[in-house]
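Here the structure comes first, spelled out in structure tokens, and everything after it is commentary.
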Amino acid sequence: MEKVAVVGSGTMGSGVGYVTALAGFETRLYDVSPEALVKAEDYHRGLIAKSLAKERITAEEADAFWGRMSYLDELGRALDGADIVIEAIPEDIELKKDFFRQAEGLVSQDTILGSNTSSLPITQIASAVESRGRVIGIHFFNPAPLMKLVEIIVGMETEPDMVDRVIDFVRRLGKEEVVVNDFPGFVTTRVGIMLVSEAIFALQEGVAEKEALDKAIKLGYNHPMGPLALADLIGLDIVHHILEVLHDSYKDPRYRSPILLKKMVEAGRLGRKTGRGFYEYE
Ligand SMILES: NC(=O)c1ccc[n+]([C@@H]2O[C@H](COP(=O)([O-])OP(=O)(O)OC[C@H]3O[C@@H](n4cnc5c(N)ncnc54)[C@H](O)[C@@H]3O)[C@@H](O)[C@H]2O)c1
């Protein structure tokens, strides 16, 4: 496996593309938006410059990175000859199904079709294509260059051989994998979001002030940040959306979204990206 196509060059795709090119894979980054491609390239320039300055890579390695990396606005060229496709387009089931339907006709027989979805069912995404055995979840975390974990999600029809190939790929990236089954939210999103949601309920009920709540979990459990600060980092609209997806899927009230969260989303207090969430940002 040598050629990687990363589809969608936003937050996740740009990070994943950086990781794959740095690890030695020929990487094509594709996006429908030319601005997103320019932004990804700028982001890569910044990362490479920083790595050079800190002597984490040599000038030859930086040159090799640029030799392996390309930014394309034509899907056919991006997917041509790819051994693995990693889709990182917005979290919308119809958008993803459309993409995979289209991609299937542009790749070779044994190309792995991976999705970076953080909550949508892999089995449902796979239903859009004929050869469902090669669709698999390859869930990177933000920021991809720093985060060690990749959660591999095995859909109902995913072939065992695909799982082995993706494990091998993930290890070649210098990352660590966990292999999980295709249940809504997998492990990381399902379990992680509950901590965030419970903290918002506790805040809503007046159990503690937000700073106290975050400090309790941060220091009490040795987490790098508190759950409310984490919600601001993820984006409150995303947290709300994930809870809605889990609630719809499991029909279990424990996944309901707190009223406080809904109100904050309606007010446009989405966290770091809008400068205001549970906390205020410059
Ligand atoms: N942001 C996170 O923290 C995070 C973490 C893990 C997984 N994810 C998942 O990764 C995926 C991408 O999330 P993101 O935060 O990078 O989104 P983003 O909005 O930053 O980037 C999505 C990109 O996809 C492009 N795009 C839209 N439709 C396209 C299409 N049909 N073909 C090609 N490009 C298209 C957009 O122009 C945009 O640049 C989602 O499924 C999300 O759930 C996100």
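Residues in the structure tokens are numbered from 1 in each chain, the chains being A, B, ... in the order shown, and ligands are numbered from 1 in the order shown.
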Neighbours of ligand 1 at 8 Å or closer, counting only C-alpha atoms and all ligand atoms: which residues, as number ranges by chain? A: 7-14, 30-33, 36-37, 75, 87-92, 95-96, 98-99, 115-120, 139-143, 234
How would the residues just picked look written out with N, CA and C atoms as an mmCIF file, in the first residue's frame?
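Once everything was written out, this is out10.cif:
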```
data_model
loop_
_atom_site.group_PDB
_atom_site.id
_atom_site.type_symbol
_atom_site.label_atom_id
_atom_site.label_comp_id
_atom_site.auth_asym_id
_atom_site.auth_seq_id
_atom_site.Cartn_x
_atom_site.Cartn_y
_atom_site.Cartn_z
ATOM 1 N N VAL A 7 -10.000 12.685 1.043
ATOM 2 C CA VAL A 7 -11.080 13.452 0.408
ATOM 3 C C VAL A 7 -11.728 14.379 1.435
ATOM 4 N N GLY A 8 -11.639 15.683 1.148
ATOM 5 C CA GLY A 8 -12.049 16.702 2.111
ATOM 6 C C GLY A 8 -10.779 17.192 2.787
ATOM 7 N N SER A 9 -10.465 18.474 2.591
ATOM 8 C CA SER A 9 -9.196 18.974 3.150
ATOM 9 C C SER A 9 -9.446 19.990 4.250
ATOM 10 N N GLY A 10 -10.505 19.754 5.037
ATOM 11 C CA GLY A 10 -10.808 20.636 6.167
ATOM 12 C C GLY A 10 -9.948 20.276 7.373
ATOM 13 N N THR A 11 -10.512 20.490 8.552
ATOM 14 C CA THR A 11 -9.779 20.240 9.800
ATOM 15 C C THR A 11 -9.137 18.850 9.795
ATOM 16 N N MET A 12 -9.931 17.832 9.549
ATOM 17 C CA MET A 12 -9.422 16.469 9.654
ATOM 18 C C MET A 12 -8.612 16.038 8.438
ATOM 19 N N GLY A 13 -9.149 16.287 7.235
ATOM 20 C CA GLY A 13 -8.455 15.844 6.022
ATOM 21 C C GLY A 13 -7.063 16.447 5.907
ATOM 22 N N SER A 14 -6.932 17.736 6.253
ATOM 23 C CA SER A 14 -5.607 18.359 6.128
ATOM 24 C C SER A 14 -4.629 17.716 7.106
ATOM 25 N N TYR A 30 -7.865 15.993 -1.819
ATOM 26 C CA TYR A 30 -8.887 16.520 -2.729
ATOM 27 C C TYR A 30 -9.967 17.246 -1.933
ATOM 28 N N ASP A 31 -10.461 18.357 -2.497
ATOM 29 C CA ASP A 31 -11.600 19.046 -1.885
ATOM 30 C C ASP A 31 -12.417 19.704 -2.992
ATOM 31 N N VAL A 32 -13.720 19.851 -2.762
ATOM 32 C CA VAL A 32 -14.543 20.571 -3.729
ATOM 33 C C VAL A 32 -14.265 22.073 -3.665
ATOM 34 N N SER A 33 -13.711 22.504 -2.548
ATOM 35 C CA SER A 33 -13.451 23.943 -2.374
ATOM 36 C C SER A 33 -11.968 24.256 -2.579
ATOM 37 N N ALA A 36 -10.310 25.649 0.467
ATOM 38 C CA ALA A 36 -9.947 24.672 1.509
ATOM 39 C C ALA A 36 -8.599 24.029 1.187
ATOM 40 N N LEU A 37 -8.328 23.821 -0.104
ATOM 41 C CA LEU A 37 -7.036 23.230 -0.497
ATOM 42 C C LEU A 37 -5.887 24.193 -0.203
ATOM 43 N N LEU A 75 -11.604 15.001 -8.675
ATOM 44 C CA LEU A 75 -11.734 13.741 -7.936
ATOM 45 C C LEU A 75 -11.093 12.559 -8.670
ATOM 46 N N GLU A 87 -12.066 9.249 3.479
ATOM 47 C CA GLU A 87 -13.055 10.322 3.274
ATOM 48 C C GLU A 87 -13.162 11.143 4.558
ATOM 49 N N ALA A 88 -13.026 12.474 4.429
ATOM 50 C CA ALA A 88 -13.159 13.377 5.592
ATOM 51 C C ALA A 88 -13.994 14.589 5.192
ATOM 52 N N ILE A 89 -15.165 14.324 4.630
ATOM 53 C CA ILE A 89 -16.095 15.395 4.237
ATOM 54 C C ILE A 89 -17.108 15.577 5.385
ATOM 55 N N PRO A 90 -17.960 16.582 5.352
ATOM 56 C CA PRO A 90 -18.830 16.838 6.509
ATOM 57 C C PRO A 90 -19.682 15.638 6.938
ATOM 58 N N GLU A 91 -20.041 15.686 8.218
ATOM 59 C CA GLU A 91 -20.761 14.580 8.867
ATOM 60 C C GLU A 91 -22.233 14.553 8.447
ATOM 61 N N ASP A 92 -22.484 14.124 7.231
ATOM 62 C CA ASP A 92 -23.843 14.088 6.694
ATOM 63 C C ASP A 92 -23.961 12.791 5.907
ATOM 64 N N LEU A 95 -24.446 12.965 2.082
ATOM 65 C CA LEU A 95 -23.234 13.473 1.428
ATOM 66 C C LEU A 95 -22.194 12.354 1.320
ATOM 67 N N LYS A 96 -22.059 11.600 2.406
ATOM 68 C CA LYS A 96 -21.053 10.536 2.427
ATOM 69 C C LYS A 96 -21.458 9.403 1.473
ATOM 70 N N ASP A 98 -23.316 9.613 -1.182
ATOM 71 C CA ASP A 98 -23.100 10.107 -2.558
ATOM 72 C C ASP A 98 -21.644 10.005 -2.945
ATOM 73 N N PHE A 99 -20.781 10.420 -2.005
ATOM 74 C CA PHE A 99 -19.355 10.374 -2.320
ATOM 75 C C PHE A 99 -18.905 8.934 -2.590
ATOM 76 N N SER A 115 -13.765 5.733 5.918
ATOM 77 C CA SER A 115 -14.445 6.972 6.303
ATOM 78 C C SER A 115 -13.940 7.425 7.668
ATOM 79 N N ASN A 116 -13.722 8.722 7.777
ATOM 80 C CA ASN A 116 -13.273 9.289 9.055
ATOM 81 C C ASN A 116 -14.454 9.733 9.921
ATOM 82 N N THR A 117 -15.638 9.262 9.608
ATOM 83 C CA THR A 117 -16.821 9.693 10.371
ATOM 84 C C THR A 117 -16.632 9.489 11.876
ATOM 85 N N SER A 118 -17.195 10.428 12.668
ATOM 86 C CA SER A 118 -17.078 10.235 14.114
ATOM 87 C C SER A 118 -18.364 9.702 14.731
ATOM 88 N N SER A 119 -19.419 9.554 13.932
ATOM 89 C CA SER A 119 -20.641 9.008 14.538
ATOM 90 C C SER A 119 -21.558 8.240 13.580
ATOM 91 N N LEU A 120 -21.363 8.358 12.280
ATOM 92 C CA LEU A 120 -22.323 7.718 11.367
ATOM 93 C C LEU A 120 -22.001 6.228 11.186
ATOM 94 N N HIS A 139 -11.044 6.225 11.953
ATOM 95 C CA HIS A 139 -11.396 7.429 12.717
ATOM 96 C C HIS A 139 -10.152 8.019 13.389
ATOM 97 N N PHE A 140 -9.672 9.119 12.794
ATOM 98 C CA PHE A 140 -8.547 9.873 13.366
ATOM 99 C C PHE A 140 -9.118 10.907 14.329
ATOM 100 N N PHE A 141 -8.236 11.452 15.161
ATOM 101 C CA PHE A 141 -8.662 12.453 16.145
ATOM 102 C C PHE A 141 -7.967 13.782 15.880
ATOM 103 N N ASN A 142 -8.572 14.829 16.380
ATOM 104 C CA ASN A 142 -8.109 16.186 16.091
ATOM 105 C C ASN A 142 -7.203 16.707 17.219
ATOM 106 N N PRO A 143 -6.027 17.212 16.929
ATOM 107 C CA PRO A 143 -5.368 17.332 15.624
ATOM 108 C C PRO A 143 -4.648 16.036 15.231
ATOM 109 N N ILE A 234 -14.449 21.189 20.870
ATOM 110 C CA ILE A 234 -15.116 20.373 19.834
ATOM 111 C C ILE A 234 -16.082 21.251 19.027
#
```
For range 16-20 of chain A, list every protein, DNA or RNA residue within 10 Å, evaluated using only C-alpha atoms, and leave out those in the same chain fewer than 3 positions away; present the list as a PyMOL selection string. chain A and resi 2-13+23-30+40-41+43-44+47-48+65+68-71+86+88+116+140-146+169-170+172-175
Could you write out that same residue set with C-alpha atoms as a PDB file, in the first residue's frame?
```pdb
ATOM      1  CA  GLU A   2       1.630   3.238  -1.149  1.00  0.00           C
ATOM      2  CA  LYS A   3      -0.926   5.692  -2.480  1.00  0.00           C
ATOM      3  CA  VAL A   4      -3.442   7.493  -0.300  1.00  0.00           C
ATOM      4  CA  ALA A   5      -6.312   9.727  -1.394  1.00  0.00           C
ATOM      5  CA  VAL A   6      -7.714  11.970   1.329  1.00  0.00           C
ATOM      6  CA  VAL A   7     -11.080  13.452   0.408  1.00  0.00           C
ATOM      7  CA  GLY A   8     -12.049  16.702   2.111  1.00  0.00           C
ATOM      8  CA  SER A   9      -9.196  18.974   3.150  1.00  0.00           C
ATOM      9  CA  GLY A  10     -10.808  20.636   6.167  1.00  0.00           C
ATOM     10  CA  THR A  11      -9.779  20.240   9.800  1.00  0.00           C
ATOM     11  CA  MET A  12      -9.422  16.469   9.654  1.00  0.00           C
ATOM     12  CA  GLY A  13      -8.455  15.844   6.022  1.00  0.00           C
ATOM     13  CA  ALA A  23       4.961   8.713   6.890  1.00  0.00           C
ATOM     14  CA  GLY A  24       6.053   8.061   3.271  1.00  0.00           C
ATOM     15  CA  PHE A  25       2.775   7.578   1.407  1.00  0.00           C
ATOM     16  CA  GLU A  26       2.129   9.367  -1.867  1.00  0.00           C
ATOM     17  CA  THR A  27      -0.804  11.524  -0.781  1.00  0.00           C
ATOM     18  CA  ARG A  28      -3.423  13.301  -2.862  1.00  0.00           C
ATOM     19  CA  LEU A  29      -5.618  15.713  -0.985  1.00  0.00           C
ATOM     20  CA  TYR A  30      -8.887  16.520  -2.729  1.00  0.00           C
ATOM     21  CA  ALA A  40      -4.564  22.975   3.864  1.00  0.00           C
ATOM     22  CA  GLU A  41      -1.372  23.736   1.970  1.00  0.00           C
ATOM     23  CA  TYR A  43      -1.326  24.625   7.259  1.00  0.00           C
ATOM     24  CA  HIS A  44       1.197  22.068   5.966  1.00  0.00           C
ATOM     25  CA  LEU A  47       3.777  22.413  10.258  1.00  0.00           C
ATOM     26  CA  ILE A  48       6.817  21.635   8.085  1.00  0.00           C
ATOM     27  CA  PHE A  65       7.222  15.444   1.961  1.00  0.00           C
ATOM     28  CA  ARG A  68       4.757  13.080  -2.077  1.00  0.00           C
ATOM     29  CA  MET A  69       2.015  15.618  -1.368  1.00  0.00           C
ATOM     30  CA  SER A  70      -0.405  16.996  -3.955  1.00  0.00           C
ATOM     31  CA  TYR A  71      -3.519  19.161  -3.706  1.00  0.00           C
ATOM     32  CA  ILE A  86      -9.873   8.278   3.487  1.00  0.00           C
ATOM     33  CA  ALA A  88     -13.159  13.377   5.592  1.00  0.00           C
ATOM     34  CA  ASN A 116     -13.273   9.289   9.055  1.00  0.00           C
ATOM     35  CA  PHE A 140      -8.547   9.873  13.366  1.00  0.00           C
ATOM     36  CA  PHE A 141      -8.662  12.453  16.145  1.00  0.00           C
ATOM     37  CA  ASN A 142      -8.109  16.186  16.091  1.00  0.00           C
ATOM     38  CA  PRO A 143      -5.368  17.332  15.624  1.00  0.00           C
ATOM     39  CA  ALA A 144      -4.411  14.267  13.577  1.00  0.00           C
ATOM     40  CA  PRO A 145      -0.658  14.986  13.527  1.00  0.00           C
ATOM     41  CA  LEU A 146      -0.572  14.882  17.348  1.00  0.00           C
ATOM     42  CA  PHE A 169      -1.517   1.055   7.474  1.00  0.00           C
ATOM     43  CA  VAL A 170      -2.237   2.711  10.836  1.00  0.00           C
ATOM     44  CA  ARG A 172       2.992   2.490   9.408  1.00  0.00           C
ATOM     45  CA  LEU A 173       1.699   5.980  10.263  1.00  0.00           C
ATOM     46  CA  GLY A 174       3.192   5.562  13.741  1.00  0.00           C
ATOM     47  CA  LYS A 175      -0.292   5.552  15.292  1.00  0.00           C
TER      48      LYS A 175
END
```
Just to confirm, what's the straight-line distance from CA of Met194 in chain A to CA of Val135 in chain A in Å (one decimal)?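 Computing it gives 27.5 Å between the two atoms.
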Could you go through range 31-254 of chain A and tell me which residues DSSP, when run on the backbone, assigns to helix (DSSP H, G or I), listing them as a ChimeraX atom specification? /A:34-53,59-68,75-79,93-104,122-126,132-134,160-172,188-204,210-221,227-234,236-250,253-254
If you run DSSP on the backbone here, which positions in range 62-194 of chain A get strand (DSSP E)? Please write them as a list in words.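 Selecting the strand (DSSP E) positions of range 62-194 of chain A gives Met69, Ser70, Tyr71, Leu72, Ile84, Val85, Ile86, Glu87, Ile112, Leu113, Gly114, Ser115, Val135, Ile136, Gly137, Ile138, His139, Leu149, Val150, Glu151, Ile152, Ile153, Val154, Glu176, Glu177, Val178, Val179, Val180 and Asn181 of chain A.
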Can you pull out every residue within 10 Å of Ile136 in chain A, counting only C-alpha atoms, but drop anything in the same chain fewer than 3 positions away, and send it as a ChimeraX atom specification? /A:86,112-116,121-123,125-126,132-133,139,152-159,162-163,166,182
Residue selection dump (C-alpha atoms) as a tab-separated table (two decimals), in the first residue's frame:
```
chain	number	residue	atom	x	y	z
A	86	ILE	CA	-9.87	8.28	3.49
A	112	ILE	CA	-9.88	0.31	0.63
A	113	LEU	CA	-12.73	2.77	1.15
A	114	GLY	CA	-12.29	4.39	4.56
A	115	SER	CA	-14.45	6.97	6.30
A	116	ASN	CA	-13.27	9.29	9.05
A	121	PRO	CA	-22.82	3.96	10.91
A	122	ILE	CA	-20.22	2.40	8.62
A	123	THR	CA	-22.71	-0.27	7.56
A	125	ILE	CA	-22.36	4.30	4.49
A	126	ALA	CA	-21.37	0.97	2.89
A	132	ARG	CA	-19.45	-3.32	0.72
A	133	GLY	CA	-16.67	-5.52	2.09
A	139	HIS	CA	-11.40	7.43	12.72
A	152	ILE	CA	-10.94	1.27	13.25
A	153	ILE	CA	-14.64	0.53	12.83
A	154	VAL	CA	-15.69	-2.78	11.36
A	155	GLY	CA	-19.02	-2.62	9.54
A	156	MET	CA	-21.34	-5.60	9.25
A	157	GLU	CA	-20.04	-6.39	5.77
A	158	THR	CA	-16.40	-5.32	6.20
A	159	GLU	CA	-14.02	-8.11	5.15
A	162	MET	CA	-9.56	-5.06	5.02
A	163	VAL	CA	-9.24	-4.82	8.79
A	166	VAL	CA	-5.92	-0.97	7.76
A	182	ASP	CA	-20.12	-0.67	14.20
```
Report, in Å with one decimal, the straight-line distance from CA of Pro258 in chain A to CA of Ile200 in chain A.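 Computing it gives 6.8 Å between the two atoms.
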In Å, rounded to a single decimal, give me how far CA of Val107 in chain A is from CA of Arg77 in chain A.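 Pair CA of Arg77 in chain A / CA of Val107 in chain A returns 10.2 Å.
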Which one is closest to Leu106 in chain A: A:Glu55, A:Gly275, A:Pro160, A:Ala78? Count only C-alpha atoms.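 Answer, going by the shortest atom-to-atom distance: A:Ala78.
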Closest of A:Met1, A:Ile84, A:Leu243, A:Leu236 to Lys263 in chain A - atom-to-atom distances counting only C-alpha atoms: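 Closest to Lys263 in chain A, using only C-alpha atoms: A:Leu236.
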Within 8 Å of Leu233 in chain A using only C-alpha atoms, minus same-chain residues under 4 positions, as a ChimeraX atom specification: /A:229,271-273
Please produce a file of the residues just selected, as a compact mmCIF listing (two decimals), in the first residue's frame, where the atoms kept are C-alpha atoms.
```txt
# COMPACT_ATOMS: atom_id res chain seq x y z
CA ALA A 229 -13.54 23.34 27.97
CA GLY A 271 -17.26 27.52 21.65
CA ARG A 272 -13.78 28.47 20.50
CA LYS A 273 -14.77 28.87 16.86
```
Closest of A:Gln102, A:Ala199, A:Glu176, A:Trp66 to Ile138 in chain A - atom-to-atom distances counting only C-alpha atoms: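 Among the listed residues, A:Glu176 lies closest to Ile138 in chain A.
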Write out as a list in words the residues lying within 9 Å of Ile193 in chain A, counting only C-alpha atoms and excluding same-chain residues fewer than 5 positions away.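 Skipping anything fewer than 5 positions along the chain leaves Gly185, Thr188, Glu198, Ala231, Val239, Ile242, Leu243 and Tyr255 of chain A.
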Serialized selection, N, CA and C atoms, as a PDB file, in the first residue's frame:
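Generated file (result_31.pdb):
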```
ATOM      1  N   GLY A 185     -21.722   5.806  17.429  1.00  0.00           N
ATOM      2  CA  GLY A 185     -20.775   6.459  18.337  1.00  0.00           C
ATOM      3  C   GLY A 185     -19.532   5.614  18.617  1.00  0.00           C
ATOM      4  N   THR A 188     -15.190   5.684  21.192  1.00  0.00           N
ATOM      5  CA  THR A 188     -14.661   6.987  21.620  1.00  0.00           C
ATOM      6  C   THR A 188     -15.752   8.061  21.680  1.00  0.00           C
ATOM      7  N   GLU A 198     -22.854  14.930  30.598  1.00  0.00           N
ATOM      8  CA  GLU A 198     -23.135  14.872  32.045  1.00  0.00           C
ATOM      9  C   GLU A 198     -22.652  16.152  32.736  1.00  0.00           C
ATOM     10  N   ALA A 231     -15.837  20.688  25.401  1.00  0.00           N
ATOM     11  CA  ALA A 231     -17.012  20.969  24.565  1.00  0.00           C
ATOM     12  C   ALA A 231     -16.767  22.220  23.714  1.00  0.00           C
ATOM     13  N   VAL A 239     -21.245  18.866  19.403  1.00  0.00           N
ATOM     14  CA  VAL A 239     -21.626  18.064  20.578  1.00  0.00           C
ATOM     15  C   VAL A 239     -23.133  17.787  20.527  1.00  0.00           C
ATOM     16  N   ILE A 242     -23.973  15.289  17.730  1.00  0.00           N
ATOM     17  CA  ILE A 242     -23.587  13.905  18.072  1.00  0.00           C
ATOM     18  C   ILE A 242     -24.614  13.301  19.035  1.00  0.00           C
ATOM     19  N   LEU A 243     -25.023  14.094  20.039  1.00  0.00           N
ATOM     20  CA  LEU A 243     -26.024  13.591  20.990  1.00  0.00           C
ATOM     21  C   LEU A 243     -27.330  13.256  20.274  1.00  0.00           C
ATOM     22  N   TYR A 255     -29.001   9.771  26.141  1.00  0.00           N
ATOM     23  CA  TYR A 255     -28.276  10.533  25.109  1.00  0.00           C
ATOM     24  C   TYR A 255     -28.968  11.846  24.740  1.00  0.00           C
TER      25      TYR A 255
END
```
